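> Below are the structure tokens for one structure; questions will follow.
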Amino acid sequence: MTIQKVLVIGAGQMGSGIAQVCAQAGFDVKLNDMKEEFFQRGLTTITKNLSRNVEKGRMTEDEKEQVLSRITKSLDLNDASDVDLVIEAAVENMEIKQSIFKQLDEITPKHAILASNTSSLPITEIAAATNRPEQVIGMHFMNPVPVMKLVEIIRGLATTDEVYTSIEEMTKKLNKVPVEVNDFPGFVSNRILMPMINEAIYTLYEGVATKEAIDDVMKLGMNHPMGPLQLADFIGLDTCLYIMEILHDGFGDSKYRPCPLLRKYVKAGWLGKKTGRGFYEYE
Ligand SMILES: CC(=O)CC(=O)SCCNC(=O)CCNC(=O)[C@H](O)C(C)(C)COP(=O)(O)OP(=O)(O)OC[C@H]1O[C@@H](n2cnc3c(N)ncnc32)[C@H](O)[C@@H]1OP(=O)(O)O
Ligand SMILES: NC(=O)C1=CN([C@@H]2O[C@H](COP(=O)(O)OP(=O)(O)OC[C@H]3O[C@@H](n4cnc5c(N)ncnc54)[C@H](OP(=O)(O)O)[C@@H]3O)[C@@H](O)[C@H]2O)C=CC1
């Protein structure tokens, strides 16, 4: 199947990055969010990223304008009526995702593929909200999207080979590397990453070391580009908590219990970099 028109849902940190890389690869992109201001915030991030590419000589001003001209605003899900692919990057919540996919099933053309950028929610369960589970798939980008090479591609129980192949090809066109995984809570990426982050939070909670010391151990000792607490702030502590809850519920194993300190920070609205405060403070 040929994919040309894409609708990205959610203009947050992930959705804006996904819209950017799709437009850079020549796809026509509609970027959807619930409010004008959220769309504008996403577009501002994309414009900043592209301007940095121009400054670094990787792109001309003309090319930047062409990329921007391929991104259009959408504040209404009905804009999905003529697209070939939807990539959903709204909040990590099953009810919200199922409601979006149910509506998309009614709005989008019959051939359209419905993909979710979910970090951990079962694709099979999201697909069950539609009448086309064979055309639903996980397309899990990594943050920051313009930089990270991986797209974890998750097959739901009913996803067809044809749909998988279309998404694999699309991923390569985005200059990313697809890795196929099966549909289990947290897939591969967050089944391994998030318990490490949660354990780092327990290490802080139990007073084993300061936040800076914990991050330094992992940066200097394990060559991680960011320490786990800095990375948690970068991902968003709300998203980290949702993922731990999904692992905990999905496997029923106490080893995935979210650290109480993580819950406390999320309740306080300290969601990390995106709200200006998490384990660290940001400008
Ligand atoms: C939760 C999930 O479901 C899955 C996930 O995504 S988990 C999170 C996965 N991501 C990670 O683990 C990221 C770990 N961190 C890193 O890899 C690096 O710290 C980083 C790439 C973010 C920054 O790299 P750095 O070397 O420390 O900083 P810096 O030199 O400023 O940036 C390197 C490049 O990335 C670019 N960059 C950094 N942050 C960026 C952002 N948010 N958006 C776009 N580009 C960005 C910079 O412009 C720079 O580009 P050039 O080299 O071309 O100039
Ligand atoms: N952060 C990360 O590192 C990664 C996150 N993901 C996944 O990507 C998804 C988005 O995460 P992220 O970008 O970090 O989150 P953000 O909070 O940055 O962005 C989410 C955006 O979606 C909007 N939104 C919420 N509900 C709807 C809806 N019903 N329709 C349209 N837009 C909606 C939000 O609006 P509002 O601000 O009003 O809530 C917000 O603008 C999640 O599923 C997450 O698990 C995947 C990989 C990495």
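As shown in the structure tokens, the chain order sets the letters A, B, ...; within each chain, residues go from 1, and ligands are also counted from 1 in the order they appear.
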May I have all residues of region 50-81 of chain A that DSSP, computed from the backbone, assigns to alpha helix (DSSP H), given as JSON, numbers by chain?
{"A": [50, 51, 52, 53, 54, 55, 61, 62, 63, 64, 65, 66, 67, 68, 69]}
> Filtering to N, CA and C atoms, could you give me those residues as a PDB file, in the first residue's frame?

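Done, and the output landed in again.pdb:
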ATOM      1  N   LEU A  50      14.058  22.653  12.963  1.00  0.00           N
ATOM      2  CA  LEU A  50      14.450  22.830  11.560  1.00  0.00           C
ATOM      3  C   LEU A  50      15.425  24.000  11.422  1.00  0.00           C
ATOM      4  N   SER A  51      15.191  25.070  12.200  1.00  0.00           N
ATOM      5  CA  SER A  51      16.097  26.229  12.143  1.00  0.00           C
ATOM      6  C   SER A  51      17.506  25.819  12.578  1.00  0.00           C
ATOM      7  N   ARG A  52      17.587  24.923  13.573  1.00  0.00           N
ATOM      8  CA  ARG A  52      18.901  24.442  14.014  1.00  0.00           C
ATOM      9  C   ARG A  52      19.589  23.674  12.875  1.00  0.00           C
ATOM     10  N   ASN A  53      18.791  22.929  12.109  1.00  0.00           N
ATOM     11  CA  ASN A  53      19.356  22.218  10.958  1.00  0.00           C
ATOM     12  C   ASN A  53      19.890  23.192   9.918  1.00  0.00           C
ATOM     13  N   VAL A  54      19.179  24.312   9.738  1.00  0.00           N
ATOM     14  CA  VAL A  54      19.636  25.328   8.776  1.00  0.00           C
ATOM     15  C   VAL A  54      20.945  25.946   9.282  1.00  0.00           C
ATOM     16  N   GLU A  55      20.956  26.312  10.573  1.00  0.00           N
ATOM     17  CA  GLU A  55      22.178  26.912  11.159  1.00  0.00           C
ATOM     18  C   GLU A  55      23.382  25.994  11.011  1.00  0.00           C
ATOM     19  N   GLU A  61      17.271  27.267   3.929  1.00  0.00           N
ATOM     20  CA  GLU A  61      16.064  27.952   4.404  1.00  0.00           C
ATOM     21  C   GLU A  61      14.861  27.524   3.551  1.00  0.00           C
ATOM     22  N   ASP A  62      15.091  27.372   2.230  1.00  0.00           N
ATOM     23  CA  ASP A  62      14.017  26.942   1.315  1.00  0.00           C
ATOM     24  C   ASP A  62      13.498  25.560   1.685  1.00  0.00           C
ATOM     25  N   GLU A  63      14.441  24.652   1.973  1.00  0.00           N
ATOM     26  CA  GLU A  63      14.042  23.287   2.337  1.00  0.00           C
ATOM     27  C   GLU A  63      13.239  23.291   3.640  1.00  0.00           C
ATOM     28  N   LYS A  64      13.674  24.137   4.570  1.00  0.00           N
ATOM     29  CA  LYS A  64      12.944  24.262   5.841  1.00  0.00           C
ATOM     30  C   LYS A  64      11.503  24.693   5.573  1.00  0.00           C
ATOM     31  N   GLU A  65      11.347  25.715   4.717  1.00  0.00           N
ATOM     32  CA  GLU A  65       9.994  26.211   4.409  1.00  0.00           C
ATOM     33  C   GLU A  65       9.153  25.132   3.727  1.00  0.00           C
ATOM     34  N   GLN A  66       9.818  24.339   2.853  1.00  0.00           N
ATOM     35  CA  GLN A  66       9.075  23.256   2.176  1.00  0.00           C
ATOM     36  C   GLN A  66       8.572  22.225   3.198  1.00  0.00           C
ATOM     37  N   VAL A  67       9.446  21.880   4.136  1.00  0.00           N
ATOM     38  CA  VAL A  67       9.041  20.907   5.169  1.00  0.00           C
ATOM     39  C   VAL A  67       7.853  21.477   5.946  1.00  0.00           C
ATOM     40  N   LEU A  68       7.970  22.750   6.360  1.00  0.00           N
ATOM     41  CA  LEU A  68       6.885  23.368   7.147  1.00  0.00           C
ATOM     42  C   LEU A  68       5.575  23.422   6.349  1.00  0.00           C
ATOM     43  N   SER A  69       5.711  23.642   5.026  1.00  0.00           N
ATOM     44  CA  SER A  69       4.492  23.764   4.213  1.00  0.00           C
ATOM     45  C   SER A  69       3.767  22.419   4.085  1.00  0.00           C
TER      46      SER A  69
END
> Find the residues near ligand 2. Use a cut-off of 8 Å, count only C-alpha atoms and all ligand atoms, and write them as a PDB file with C-alpha atoms, in the first residue's frame.

ATOM      1  CA  ILE A   9      -2.671  12.877  16.801  1.00  0.00           C
ATOM      2  CA  GLY A  10      -1.197  14.805  19.743  1.00  0.00           C
ATOM      3  CA  ALA A  11       1.161  17.734  19.202  1.00  0.00           C
ATOM      4  CA  GLY A  12       3.167  17.064  22.387  1.00  0.00           C
ATOM      5  CA  GLN A  13       6.822  16.086  22.540  1.00  0.00           C
ATOM      6  CA  MET A  14       6.330  12.855  20.601  1.00  0.00           C
ATOM      7  CA  GLY A  15       3.617  13.934  18.135  1.00  0.00           C
ATOM      8  CA  SER A  16       5.511  17.048  17.078  1.00  0.00           C
ATOM      9  CA  ASN A  32      -3.942  17.187  15.295  1.00  0.00           C
ATOM     10  CA  ASP A  33      -4.449  18.347  18.859  1.00  0.00           C
ATOM     11  CA  MET A  34      -7.446  19.416  20.876  1.00  0.00           C
ATOM     12  CA  LYS A  35      -6.646  23.118  21.055  1.00  0.00           C
ATOM     13  CA  PHE A  38      -1.254  22.875  21.656  1.00  0.00           C
ATOM     14  CA  PHE A  39      -0.852  22.745  17.883  1.00  0.00           C
ATOM     15  CA  GLY A  42       4.163  21.661  18.598  1.00  0.00           C
ATOM     16  CA  LEU A  77     -10.530  14.230  14.056  1.00  0.00           C
ATOM     17  CA  GLU A  88      -1.669   8.450  17.400  1.00  0.00           C
ATOM     18  CA  ALA A  89       0.561  10.064  20.050  1.00  0.00           C
ATOM     19  CA  ALA A  90      -1.972  11.327  22.598  1.00  0.00           C
ATOM     20  CA  VAL A  91      -1.702  10.646  26.318  1.00  0.00           C
ATOM     21  CA  GLU A  92      -0.795   7.125  27.599  1.00  0.00           C
ATOM     22  CA  ASN A  93      -4.312   6.133  28.642  1.00  0.00           C
ATOM     23  CA  ILE A  96      -8.579   7.813  25.591  1.00  0.00           C
ATOM     24  CA  LYS A  97      -6.747   5.750  22.982  1.00  0.00           C
ATOM     25  CA  SER A  99     -12.065   6.315  22.110  1.00  0.00           C
ATOM     26  CA  ILE A 100      -9.774   7.893  19.495  1.00  0.00           C
ATOM     27  CA  SER A 116      -0.303   4.013  17.916  1.00  0.00           C
ATOM     28  CA  ASN A 117       2.894   5.412  19.387  1.00  0.00           C
ATOM     29  CA  THR A 118       1.900   3.949  22.762  1.00  0.00           C
ATOM     30  CA  SER A 119       4.839   3.236  25.082  1.00  0.00           C
ATOM     31  CA  SER A 120       3.339   0.188  26.681  1.00  0.00           C
ATOM     32  CA  HIS A 140       6.778   3.230  18.841  1.00  0.00           C
ATOM     33  CA  PHE A 141       9.194   6.096  18.229  1.00  0.00           C
ATOM     34  CA  MET A 142      11.858   7.078  20.773  1.00  0.00           C
ATOM     35  CA  ASN A 143      12.348  10.497  22.309  1.00  0.00           C
ATOM     36  CA  PRO A 144      13.751  12.818  20.909  1.00  0.00           C
ATOM     37  CA  PHE A 234      12.965  13.984  29.955  1.00  0.00           C
ATOM     38  CA  ILE A 235      10.352  11.294  29.191  1.00  0.00           C
ATOM     39  CA  GLY A 236       7.787  12.805  31.602  1.00  0.00           C
ATOM     40  CA  THR A 239       4.314   8.782  31.293  1.00  0.00           C
ATOM     41  CA  TYR A 242       1.534   5.125  33.479  1.00  0.00           C
ATOM     42  CA  ILE A 243       4.045   2.680  31.988  1.00  0.00           C
ATOM     43  CA  LYS A 274       7.768  19.565  30.304  1.00  0.00           C
TER      44      LYS A 274
END
> Between CA of Thr159 (chain A) and CA of Arg132 (chain A), what is the distance, to one decimal in Å?
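These two atoms are separated by 9.2 Å.
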> Between A:Tyr280, A:Phe184, A:Phe27, A:Tyr164, which has the minimum distance to Leu247 (chain A) (counting only C-alpha atoms)?
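The shortest atom-to-atom distance to Leu247 (chain A) comes from A:Phe184.
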> Restricting the calculation to only C-alpha atoms and all ligand atoms, which member of A:Leu231, A:Ile246, A:Val86, A:Ile201 is positioned closest to ligand 1?
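Nearest to ligand 1: A:Leu231.
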> So which residues touch Glu180 (chain A) within 7 Å, counting only C-alpha atoms, skipping near sequence neighbours fewer than 5 positions away, as a short mmCIF file (atom, residue, chain, number, x, y, z; two decimals) with C-alpha atoms, in the first residue's frame?

data_model
loop_
_atom_site.label_atom_id
_atom_site.label_comp_id
_atom_site.auth_asym_id
_atom_site.auth_seq_id
_atom_site.Cartn_x
_atom_site.Cartn_y
_atom_site.Cartn_z
CA GLU A 152 9.79 -0.48 17.70
CA ILE A 153 7.02 -2.00 15.57
CA ILE A 154 4.44 -3.98 17.48
#
> When DSSP is applied to the backbone of this structure, which of region 150-249 of chain A are assigned strand (DSSP E or B)? Write them out as a ChimeraX atom specification.
/A:150-155,177-182
> What lies within 10 Å of Asp233 (chain A) using only C-alpha atoms, ignoring chain neighbours under 3 positions off, as a list in words?
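So the residues in contact are Pro228, Leu229, Gln230, Gly236, Leu237, Asp238, Thr239, Cys240, Trp270, Leu271, Gly272, Lys273, Lys274, Thr275, Gly276, Arg277, Gly278, Phe279, Tyr280, Glu281 and Tyr282 of chain A.
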> Write a file of the selected residues as a tab-separated table (two decimals), in the first residue's frame, keeping C-alpha atoms.

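Listing of result23.tsv after writing:
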chain	number	residue	atom	x	y	z
A	228	PRO	CA	18.01	7.49	34.83
A	229	LEU	CA	16.49	10.35	36.87
A	230	GLN	CA	17.38	12.91	34.23
A	236	GLY	CA	7.79	12.80	31.60
A	237	LEU	CA	7.12	11.40	35.09
A	238	ASP	CA	3.41	10.97	34.26
A	239	THR	CA	4.31	8.78	31.29
A	240	CYS	CA	6.82	6.82	33.45
A	270	TRP	CA	6.11	17.70	38.95
A	271	LEU	CA	6.10	15.94	35.61
A	272	GLY	CA	9.70	16.65	34.63
A	273	LYS	CA	11.13	18.86	31.93
A	274	LYS	CA	7.77	19.57	30.30
A	275	THR	CA	6.40	21.26	33.46
A	276	GLY	CA	9.71	22.83	34.54
A	277	ARG	CA	10.20	20.57	37.55
A	278	GLY	CA	10.70	16.88	38.22
A	279	PHE	CA	13.70	15.41	39.98
A	280	TYR	CA	15.53	18.50	38.69
A	281	GLU	CA	14.40	22.05	37.96
A	282	TYR	CA	14.37	23.49	34.44
> Ranking A:Gln98, A:Asn49, A:Thr130, A:Thr2 by minimum distance to ligand 1 and counting only C-alpha atoms and all ligand atoms, which one comes first?
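Closest to ligand 1, using only C-alpha atoms and all ligand atoms: A:Asn49.
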> For Leu261 (chain A), list every protein, DNA or RNA residue within 12 Å, evaluated using only C-alpha atoms, and leave out those in the same chain fewer than 3 positions away; present the list as a ChimeraX atom specification.
/A:198-207,229,237,241,257-258,264-268,270,278-279
> Would you work out the distance separating atom 14 (C, counted along the ligand's line) of ligand 1 from CA of Pro122 (chain A), expressed in Å to one decimal?
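Atom-to-atom, atom 14 (C, counted along the ligand's line) of ligand 1 to CA of Pro122 (chain A), that is 24.3 Å.
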